[in-house]
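Q: File final-v1.txt below, compact mmCIF, C-alpha atoms and all ligand atoms:
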```txt
# COMPACT_ATOMS: atom_id res chain seq x y z
CA MET A 1 24.48 -5.71 15.63
CA GLY A 2 22.96 -8.58 17.52
CA PHE A 3 19.70 -10.46 17.69
CA ARG A 4 17.94 -11.12 20.97
CA ASP A 5 14.49 -11.38 22.48
CA ARG A 6 12.71 -13.37 19.75
CA GLY A 7 14.63 -12.09 16.74
CA VAL A 8 14.65 -8.42 17.66
CA GLU A 9 17.58 -6.74 15.87
CA ILE A 10 19.70 -4.45 18.03
CA LYS A 11 21.55 -1.79 16.05
CA THR A 12 24.81 -0.05 16.92
CA PRO A 13 24.84 3.77 16.96
CA GLU A 14 26.63 3.68 13.59
CA GLN A 15 23.89 1.50 12.12
CA ILE A 16 21.24 3.83 13.52
CA ALA A 17 23.09 6.67 11.77
CA HIS A 18 22.68 4.79 8.47
CA MET A 19 18.99 4.36 9.26
CA ARG A 20 18.76 8.12 9.82
CA ARG A 21 20.12 8.67 6.30
CA ALA A 22 17.47 6.31 4.90
CA GLY A 23 14.84 7.98 7.07
CA LEU A 24 15.72 11.42 5.73
CA VAL A 25 15.33 10.16 2.15
CA VAL A 26 11.87 8.86 3.08
CA GLY A 27 10.95 12.07 4.94
CA ARG A 28 12.03 14.28 2.04
CA THR A 29 10.21 12.10 -0.48
CA LEU A 30 6.98 12.31 1.53
CA GLU A 31 7.42 16.09 1.77
CA LEU A 32 7.70 16.11 -2.03
CA MET A 33 4.57 13.95 -2.23
CA ARG A 34 2.61 16.43 -0.08
CA SER A 35 3.48 19.22 -2.52
CA SER A 36 2.80 17.01 -5.58
CA VAL A 37 -0.70 15.87 -4.61
CA ARG A 38 -3.32 17.91 -6.52
CA VAL A 39 -6.54 17.42 -8.41
CA GLY A 40 -5.87 15.49 -11.63
CA VAL A 41 -2.48 13.98 -10.77
CA THR A 42 -2.45 10.19 -11.12
CA THR A 43 -1.10 7.85 -8.49
CA GLY A 44 1.29 6.54 -11.16
CA GLU A 45 2.68 10.04 -11.67
CA LEU A 46 3.23 10.37 -7.92
CA ASP A 47 5.05 7.03 -7.96
CA ALA A 48 7.39 8.20 -10.74
CA ILE A 49 8.17 11.43 -8.85
CA ALA A 50 8.88 9.45 -5.67
CA GLU A 51 11.08 6.87 -7.37
CA ASP A 52 13.15 9.61 -9.01
CA ALA A 53 13.56 11.41 -5.67
CA ILE A 54 14.63 8.24 -3.86
CA ARG A 55 17.11 7.15 -6.53
CA SER A 56 18.49 10.69 -6.98
CA ALA A 57 19.31 10.65 -3.27
CA GLY A 58 21.42 7.52 -3.80
CA ALA A 59 18.86 5.26 -2.15
CA VAL A 60 16.79 2.31 -3.33
CA PRO A 61 12.97 2.23 -3.08
CA SER A 62 12.36 -0.72 -0.76
CA PHE A 63 8.81 -1.37 -1.93
CA LYS A 64 9.73 -1.86 -5.59
CA GLY A 65 9.68 -5.60 -6.22
CA TYR A 66 8.94 -6.40 -2.55
CA HIS A 67 7.07 -9.71 -2.91
CA GLY A 68 6.41 -8.50 -6.46
CA PHE A 69 4.93 -5.09 -5.56
CA PRO A 70 5.13 -3.00 -8.76
CA GLY A 71 5.44 0.53 -7.28
CA SER A 72 8.02 2.54 -5.35
CA ILE A 73 5.29 3.87 -3.05
CA CYS A 74 1.89 2.61 -1.94
CA THR A 75 -0.97 4.93 -2.88
CA SER A 76 -4.25 4.21 -1.08
CA VAL A 77 -7.24 6.44 -1.89
CA ASN A 78 -10.39 7.04 0.22
CA ASN A 79 -11.71 3.60 1.28
CA GLU A 80 -8.32 2.03 0.50
CA VAL A 81 -6.29 1.76 3.70
CA VAL A 82 -2.83 0.51 2.73
CA HIS A 83 -0.87 -1.24 -0.04
CA GLY A 84 -2.65 0.49 -2.95
CA ILE A 85 -0.84 0.08 -6.27
CA PRO A 86 0.05 3.28 -8.16
CA GLY A 87 -1.56 3.50 -11.59
CA ASP A 88 -3.93 5.47 -13.80
CA ARG A 89 -6.25 6.75 -11.09
CA ALA A 90 -6.46 10.54 -11.18
CA LEU A 91 -7.08 12.25 -7.84
CA ALA A 92 -10.30 14.24 -7.50
CA GLU A 93 -11.29 17.20 -5.33
CA GLY A 94 -12.19 15.93 -1.84
CA ASP A 95 -10.24 12.67 -2.12
CA VAL A 96 -7.81 11.59 0.55
CA ILE A 97 -4.65 9.66 -0.31
CA SER A 98 -2.37 7.70 2.00
CA ILE A 99 1.17 7.46 0.67
CA ASP A 100 3.57 4.92 2.16
CA CYS A 101 7.28 5.14 1.31
CA GLY A 102 10.36 3.05 2.08
CA ALA A 103 14.01 3.57 1.17
CA ILE A 104 17.25 1.68 1.67
CA VAL A 105 20.66 3.33 2.19
CA ASP A 106 23.69 1.05 2.47
CA GLY A 107 21.40 -1.83 3.41
CA TRP A 108 19.50 0.06 6.13
CA HIS A 109 15.81 0.86 5.93
CA GLY A 110 13.45 3.74 6.61
CA ASP A 111 9.65 3.45 6.39
CA ALA A 112 7.01 6.16 6.81
CA ALA A 113 3.57 7.12 5.58
CA THR A 114 1.31 10.14 5.51
CA THR A 115 -2.24 10.93 4.47
CA VAL A 116 -2.83 13.95 2.25
CA ALA A 117 -6.05 15.81 1.47
CA VAL A 118 -6.79 16.53 -2.19
CA GLY A 119 -8.18 20.05 -2.06
CA GLN A 120 -10.95 20.41 0.51
CA VAL A 121 -12.02 17.18 2.25
CA ARG A 122 -15.12 16.58 4.37
CA PRO A 123 -14.81 17.70 8.02
CA ASP A 124 -15.05 14.13 9.30
CA VAL A 125 -12.20 13.12 7.00
CA SER A 126 -9.96 15.91 8.22
CA GLU A 127 -10.82 14.87 11.79
CA LEU A 128 -9.82 11.31 10.91
CA MET A 129 -6.48 12.57 9.59
CA ARG A 130 -5.83 14.65 12.71
CA VAL A 131 -6.69 11.79 15.08
CA THR A 132 -4.57 9.25 13.19
CA GLU A 133 -1.50 11.48 13.08
CA GLU A 134 -1.89 12.40 16.76
CA ALA A 135 -2.22 8.70 17.63
CA LEU A 136 1.07 7.99 15.87
CA TRP A 137 2.85 10.64 17.96
CA ALA A 138 1.10 9.53 21.14
CA GLY A 139 2.46 6.04 20.49
CA ILE A 140 6.01 7.25 19.98
CA ALA A 141 5.72 9.51 23.04
CA ALA A 142 4.77 6.53 25.21
CA ALA A 143 7.99 4.65 24.41
CA ARG A 144 10.66 4.67 27.10
CA LEU A 145 13.87 2.67 27.53
CA GLY A 146 12.94 -0.19 29.83
CA GLY A 147 9.29 -0.09 28.79
CA ARG A 148 7.54 -2.63 26.57
CA VAL A 149 6.36 -2.62 22.97
CA THR A 150 2.67 -2.59 23.78
CA ASP A 151 3.07 0.61 25.79
CA ILE A 152 3.06 2.12 22.30
CA SER A 153 0.03 0.07 21.21
CA HIS A 154 -1.94 1.11 24.26
CA ALA A 155 -1.14 4.80 23.79
CA VAL A 156 -2.25 4.67 20.13
CA GLU A 157 -5.56 3.02 21.01
CA THR A 158 -6.19 5.24 24.02
CA HIS A 159 -5.75 8.38 21.94
CA VAL A 160 -8.00 7.16 19.13
CA ARG A 161 -10.75 6.07 21.53
CA SER A 162 -10.57 9.40 23.37
CA GLN A 163 -11.37 11.23 20.13
CA GLY A 164 -14.53 9.46 19.01
CA ASP A 165 -15.86 6.39 17.28
CA PHE A 166 -13.20 5.17 14.85
CA GLY A 167 -12.12 1.77 13.54
CA ILE A 168 -8.60 0.63 14.45
CA LEU A 169 -7.24 -2.01 12.07
CA GLU A 170 -6.12 -5.16 13.84
CA ASP A 171 -5.06 -7.26 10.84
CA TYR A 172 -2.19 -4.90 9.95
CA VAL A 173 0.33 -3.59 12.47
CA GLY A 174 3.61 -1.76 12.89
CA HIS A 175 6.92 -3.61 13.05
CA GLY A 176 10.58 -3.70 13.86
CA ILE A 177 12.87 -2.35 11.14
CA GLY A 178 16.60 -2.24 10.40
CA SER A 179 18.53 -4.40 7.95
CA ALA A 180 15.11 -5.48 6.61
CA MET A 181 11.90 -3.49 6.29
CA HIS A 182 9.77 -5.87 8.32
CA GLN A 183 11.26 -7.48 11.42
CA PRO A 184 10.02 -8.62 14.81
CA PRO A 185 8.44 -7.40 16.94
CA ASN A 186 4.91 -6.59 15.77
CA VAL A 187 3.66 -3.23 17.00
CA PRO A 188 -0.16 -3.44 17.20
CA ASN A 189 -2.26 -0.29 17.40
CA PHE A 190 -4.38 -1.60 20.26
CA GLY A 191 -4.03 -3.57 23.46
CA ARG A 192 -2.90 -3.51 27.06
CA PRO A 193 0.45 -1.93 27.99
CA GLY A 194 3.47 -3.71 29.45
CA LYS A 195 3.62 -6.64 27.00
CA GLY A 196 6.03 -7.72 24.29
CA PRO A 197 9.76 -7.23 23.97
CA LYS A 198 11.52 -4.65 26.12
CA LEU A 199 12.28 -1.26 24.58
CA VAL A 200 16.05 -1.08 24.55
CA ARG A 201 18.71 1.09 22.97
CA GLY A 202 19.38 0.02 19.37
CA LEU A 203 15.82 -1.16 18.72
CA ALA A 204 14.05 0.61 15.84
CA LEU A 205 10.31 0.43 15.29
CA ALA A 206 7.87 1.57 12.62
CA VAL A 207 4.67 2.76 14.32
CA GLU A 208 1.75 3.01 11.90
CA PRO A 209 -1.85 3.49 13.00
CA MET A 210 -4.39 2.63 10.28
CA ILE A 211 -7.69 4.17 11.31
CA THR A 212 -11.11 4.27 9.63
CA LEU A 213 -14.34 6.25 9.96
CA GLY A 214 -16.18 2.94 10.35
CA SER A 215 -15.23 -0.68 10.87
CA LYS A 216 -11.84 -2.21 11.67
CA ASP A 217 -12.53 -5.03 9.23
CA THR A 218 -10.85 -5.13 5.84
CA ASP A 219 -10.85 -6.90 2.48
CA VAL A 220 -8.16 -7.23 -0.17
CA LEU A 221 -8.92 -6.32 -3.80
CA ASP A 222 -8.43 -8.76 -6.67
CA ASP A 223 -5.01 -7.19 -7.32
CA ASP A 224 -3.95 -9.13 -4.18
CA TRP A 225 -2.46 -5.96 -2.66
CA THR A 226 -4.92 -3.15 -2.05
CA VAL A 227 -6.43 -3.34 1.45
CA ILE A 228 -9.88 -1.71 1.58
CA THR A 229 -12.28 -1.17 4.46
CA GLY A 230 -14.95 -3.84 4.73
CA ASP A 231 -17.72 -1.27 5.05
CA GLY A 232 -16.54 1.27 2.47
CA SER A 233 -15.63 3.87 5.10
CA TRP A 234 -12.62 6.09 4.46
CA ALA A 235 -9.27 5.55 6.16
CA ALA A 236 -6.05 7.30 7.16
CA HIS A 237 -2.53 5.96 7.70
CA TYR A 238 0.43 7.72 9.31
CA GLU A 239 3.78 6.08 10.02
CA HIS A 240 7.24 6.92 11.31
CA THR A 241 10.37 4.91 12.04
CA PHE A 242 11.88 5.79 15.42
CA THR A 243 14.46 4.68 17.94
CA LEU A 244 15.29 5.42 21.58
CA THR A 245 18.63 6.80 22.75
CA PRO A 246 19.62 7.47 26.37
CA GLU A 247 18.53 11.08 25.80
CA GLY A 248 15.04 10.30 24.45
CA ALA A 249 13.16 9.49 21.24
CA TRP A 250 14.58 10.06 17.77
CA VAL A 251 12.14 9.89 14.85
CA LEU A 252 14.39 8.80 12.02
CA THR A 253 11.90 9.55 9.21
CA ALA A 254 10.93 13.04 10.45
CA LEU A 255 12.95 15.86 8.90
CA ASP A 256 13.54 17.47 12.32
CA GLY A 257 13.97 14.09 14.00
CA GLY A 258 10.62 14.60 15.68
CA GLU A 259 11.97 17.38 17.89
CA SER A 260 9.02 19.79 17.59
CA ARG A 261 6.18 17.26 17.95
CA LEU A 262 7.95 15.55 20.86
CA ALA A 263 8.45 18.92 22.57
CA ASP A 264 4.69 19.59 22.25
CA LEU A 265 4.11 16.28 24.05
CA GLY A 266 6.73 16.96 26.72
CA VAL A 267 9.00 14.13 25.54
CA PRO A 268 12.79 14.50 25.54
CA PHE A 269 14.37 14.53 22.09
CA GLY A 270 17.03 11.87 21.64
CA GLY A 271 18.37 12.80 18.21
CA ARG A 272 21.57 14.48 17.21
MG MG B 301 5.22 1.89 5.52
MG MG B 302 5.68 -0.09 7.87
```
The structure in this file should be written as structure tokens.

A:
Amino acid sequence: MGFRDRGVEIKTPEQIAHMRRAGLVVGRTLELMRSSVRVGVTTGELDAIAEDAIRSAGAVPSFKGYHGFPGSICTSVNNEVVHGIPGDRALAEGDVISIDCGAIVDGWHGDAATTVAVGQVRPDVSELMRVTEEALWAGIAAARLGGRVTDISHAVETHVRSQGDFGILEDYVGHGIGSAMHQPPNVPNFGRPGKGPKLVRGLALAVEPMITLGSKDTDVLDDDWTVITGDGSWAAHYEHTFTLTPEGAWVLTALDGGESRLADLGVPFGGR
């Protein structure tokens, strides 16, 4: 492992393999979350299920205690965008919940998030979910060895803008990841391509569009964690951790390594 280009951590193939193990724990936990979300379940109950799944897999929940965060996952409901604290809130029919999960295996991190509908959501909310998830994959699909970090940013923004009038958060961004959850470089969800550090083998990035049905502006609740939209509009958040190999892209937090979604986008799969 080495550091170069403004603190960017370059992982060996063996270290990436550790990150894949962490990524699979995260991917499986989010799969479990998707099947656990239902009317009446509390965000605290989801947190307990997630923590048990992460620890049973021999991993450590990276969020727990991170700068004092009390949960093992972030649970952000409706107008909450990210960093919601699990607790007594019971989910209701038509709610939407974004669940963010991180796990550590042998010191290496995985980080991913998904947004889940509680029963039947409004059509504009399901559109928001579709657009946000597609933007995540468009971002990953735009990454090439020798390219630049903001190639991803530009692809995320371009996809979102092509789909309608949505808010793209600017105050919160994706990030490098490896031996720590948050590392350089930042990965914004907007901007011109061709900027930022070069995309090289051994770099791992968490791409995470946070998109709203209204404004890009946010506030933080009095709990000092929960990020809400400034205008009360609802939000979605999808995230994956990925890396580039000479063969193509490898989505470390996707159960299939991203193979099927990348194939749909005509992008070579770089996993193994
Ligand atoms: Mg995350
Ligand atoms: Mg992240």

Q: Using Å and a single decimal, report how far CA of Gln183 (chain A) sits from CA of Lys11 (chain A).

A: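 Taking CA of Lys11 (chain A) and CA of Gln183 (chain A), their separation equals 12.6 Å.
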
Q: Within 12 Å of ligand MG 302 (chain B), which residues of chain A come that close, and what is the closest atom pair and distance in Å for each? Count all atoms listed in the file and give it as JSON lines.

A:
```
{"residue": "A:Val26", "atom": "CA", "partner": "B:MG302", "partner_atom": "MG", "distance": 11.9}
{"residue": "A:Ser62", "atom": "CA", "partner": "B:MG302", "partner_atom": "MG", "distance": 10.9}
{"residue": "A:Phe63", "atom": "CA", "partner": "B:MG302", "partner_atom": "MG", "distance": 10.4}
{"residue": "A:Ile73", "atom": "CA", "partner": "B:MG302", "partner_atom": "MG", "distance": 11.6}
{"residue": "A:Cys74", "atom": "CA", "partner": "B:MG302", "partner_atom": "MG", "distance": 10.9}
{"residue": "A:Val82", "atom": "CA", "partner": "B:MG302", "partner_atom": "MG", "distance": 10.0}
{"residue": "A:His83", "atom": "CA", "partner": "B:MG302", "partner_atom": "MG", "distance": 10.3}
{"residue": "A:Ile99", "atom": "CA", "partner": "B:MG302", "partner_atom": "MG", "distance": 11.4}
{"residue": "A:Asp100", "atom": "CA", "partner": "B:MG302", "partner_atom": "MG", "distance": 7.9}
{"residue": "A:Cys101", "atom": "CA", "partner": "B:MG302", "partner_atom": "MG", "distance": 8.5}
{"residue": "A:Gly102", "atom": "CA", "partner": "B:MG302", "partner_atom": "MG", "distance": 8.1}
{"residue": "A:Ala103", "atom": "CA", "partner": "B:MG302", "partner_atom": "MG", "distance": 11.3}
{"residue": "A:His109", "atom": "CA", "partner": "B:MG302", "partner_atom": "MG", "distance": 10.4}
{"residue": "A:Gly110", "atom": "CA", "partner": "B:MG302", "partner_atom": "MG", "distance": 8.8}
{"residue": "A:Asp111", "atom": "CA", "partner": "B:MG302", "partner_atom": "MG", "distance": 5.5}
{"residue": "A:Ala112", "atom": "CA", "partner": "B:MG302", "partner_atom": "MG", "distance": 6.5}
{"residue": "A:Ala113", "atom": "CA", "partner": "B:MG302", "partner_atom": "MG", "distance": 7.9}
{"residue": "A:Thr114", "atom": "CA", "partner": "B:MG302", "partner_atom": "MG", "distance": 11.4}
{"residue": "A:Tyr172", "atom": "CA", "partner": "B:MG302", "partner_atom": "MG", "distance": 9.5}
{"residue": "A:Val173", "atom": "CA", "partner": "B:MG302", "partner_atom": "MG", "distance": 7.9}
{"residue": "A:Gly174", "atom": "CA", "partner": "B:MG302", "partner_atom": "MG", "distance": 5.7}
{"residue": "A:His175", "atom": "CA", "partner": "B:MG302", "partner_atom": "MG", "distance": 6.4}
{"residue": "A:Gly176", "atom": "CA", "partner": "B:MG302", "partner_atom": "MG", "distance": 8.5}
{"residue": "A:Ile177", "atom": "CA", "partner": "B:MG302", "partner_atom": "MG", "distance": 8.2}
{"residue": "A:Gly178", "atom": "CA", "partner": "B:MG302", "partner_atom": "MG", "distance": 11.4}
{"residue": "A:Ala180", "atom": "CA", "partner": "B:MG302", "partner_atom": "MG", "distance": 10.9}
{"residue": "A:Met181", "atom": "CA", "partner": "B:MG302", "partner_atom": "MG", "distance": 7.3}
{"residue": "A:His182", "atom": "CA", "partner": "B:MG302", "partner_atom": "MG", "distance": 7.1}
{"residue": "A:Gln183", "atom": "CA", "partner": "B:MG302", "partner_atom": "MG", "distance": 9.9}
{"residue": "A:Pro184", "atom": "CA", "partner": "B:MG302", "partner_atom": "MG", "distance": 11.8}
{"residue": "A:Pro185", "atom": "CA", "partner": "B:MG302", "partner_atom": "MG", "distance": 12.0}
{"residue": "A:Asn186", "atom": "CA", "partner": "B:MG302", "partner_atom": "MG", "distance": 10.3}
{"residue": "A:Val187", "atom": "CA", "partner": "B:MG302", "partner_atom": "MG", "distance": 9.9}
{"residue": "A:Pro188", "atom": "CA", "partner": "B:MG302", "partner_atom": "MG", "distance": 11.5}
{"residue": "A:Ala204", "atom": "CA", "partner": "B:MG302", "partner_atom": "MG", "distance": 11.6}
{"residue": "A:Leu205", "atom": "CA", "partner": "B:MG302", "partner_atom": "MG", "distance": 8.8}
{"residue": "A:Ala206", "atom": "CA", "partner": "B:MG302", "partner_atom": "MG", "distance": 5.5}
{"residue": "A:Val207", "atom": "CA", "partner": "B:MG302", "partner_atom": "MG", "distance": 7.1}
{"residue": "A:Glu208", "atom": "CA", "partner": "B:MG302", "partner_atom": "MG", "distance": 6.4}
{"residue": "A:Pro209", "atom": "CA", "partner": "B:MG302", "partner_atom": "MG", "distance": 9.8}
{"residue": "A:Met210", "atom": "CA", "partner": "B:MG302", "partner_atom": "MG", "distance": 10.7}
{"residue": "A:His237", "atom": "CA", "partner": "B:MG302", "partner_atom": "MG", "distance": 10.2}
{"residue": "A:Tyr238", "atom": "CA", "partner": "B:MG302", "partner_atom": "MG", "distance": 9.5}
{"residue": "A:Glu239", "atom": "CA", "partner": "B:MG302", "partner_atom": "MG", "distance": 6.8}
{"residue": "A:His240", "atom": "CA", "partner": "B:MG302", "partner_atom": "MG", "distance": 8.0}
{"residue": "A:Thr241", "atom": "CA", "partner": "B:MG302", "partner_atom": "MG", "distance": 8.0}
{"residue": "A:Phe242", "atom": "CA", "partner": "B:MG302", "partner_atom": "MG", "distance": 11.4}
{"residue": "A:Thr253", "atom": "CA", "partner": "B:MG302", "partner_atom": "MG", "distance": 11.6}
```

Q: Which of these, A:Trp234, A:Phe166, A:Phe190, A:Trp108, has the shortest distance to Leu24 (chain A) once you count all atoms listed in the file?

A: A:Trp108

Q: Could you tell me how far CA of Pro70 (chain A) lies from CA of Leu46 (chain A), in Å and to one decimal?

A: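 Between CA of Pro70 (chain A) and CA of Leu46 (chain A) the gap is 13.5 Å.
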
Q: Nearest to Gly194 (chain A) among A:Val41, A:Val77, A:Ile152, A:Leu213, with distances taken over only C-alpha atoms: which residue is it?

A: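 Among the listed residues, A:Ile152 lies closest to Gly194 (chain A).
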
Q: I'd like the contact shell of region 47-55 of chain A - 8 Å cut-off, only C-alpha atoms, skipping same-chain residues fewer than 4 positions apart - returned as a PyMOL selection string.

A: chain A and resi 25-26+29-30+32-33+43+59-61+71-73+86+103

Q: CA of Ser153 (chain A) and CA of Ile97 (chain A), how far apart in Å?

A: 24.0 Å

Q: Measuring atom to atom with only C-alpha atoms and all ligand atoms, identify which of A:Gln15, A:Ser56, A:Ser76, A:Ser36 is nearest to ligand MG 301 (chain B).

A: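 Nearest candidate to ligand MG 301 (chain B) out of A:Gln15, A:Ser56, A:Ser76, A:Ser36: A:Ser76.
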
Q: Between A:Asp219, A:Arg272, A:Val37, A:Val125, single out the one closest to Leu252 (chain A), counting only C-alpha atoms.

A: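 That would be A:Arg272, the residue with the smallest distance to Leu252 (chain A).
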
Q: Around the point (26.7, -0.5, 14.5) in the file's coordinates, collect all residues with an atom within 12 Å, using all atoms listed in the file, and return them as a list of chain:residue names.

A: A:Met1, A:Gly2, A:Glu9, A:Ile10, A:Lys11, A:Thr12, A:Pro13, A:Glu14, A:Gln15, A:Ile16, A:Ala17, A:His18, A:Met19, A:Trp108, A:Gly178, A:Ser179, A:Arg201, A:Gly202, A:Leu203

Q: Name the closest residue to ligand MG 301 (chain B) among the candidates A:Val39, A:Arg21, A:Gly7, A:Thr75; distances are taken between atoms, counting all atoms listed in the file.

A: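 Using all atoms listed in the file, the shortest distance to ligand MG 301 (chain B) belongs to A:Thr75.
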
Q: Between A:Pro123, A:Ala57, A:Glu134, A:Val118, which has the minimum distance to Gln163 (chain A) (counting only C-alpha atoms)?

A: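 The closest residue to Gln163 (chain A) is A:Glu134.
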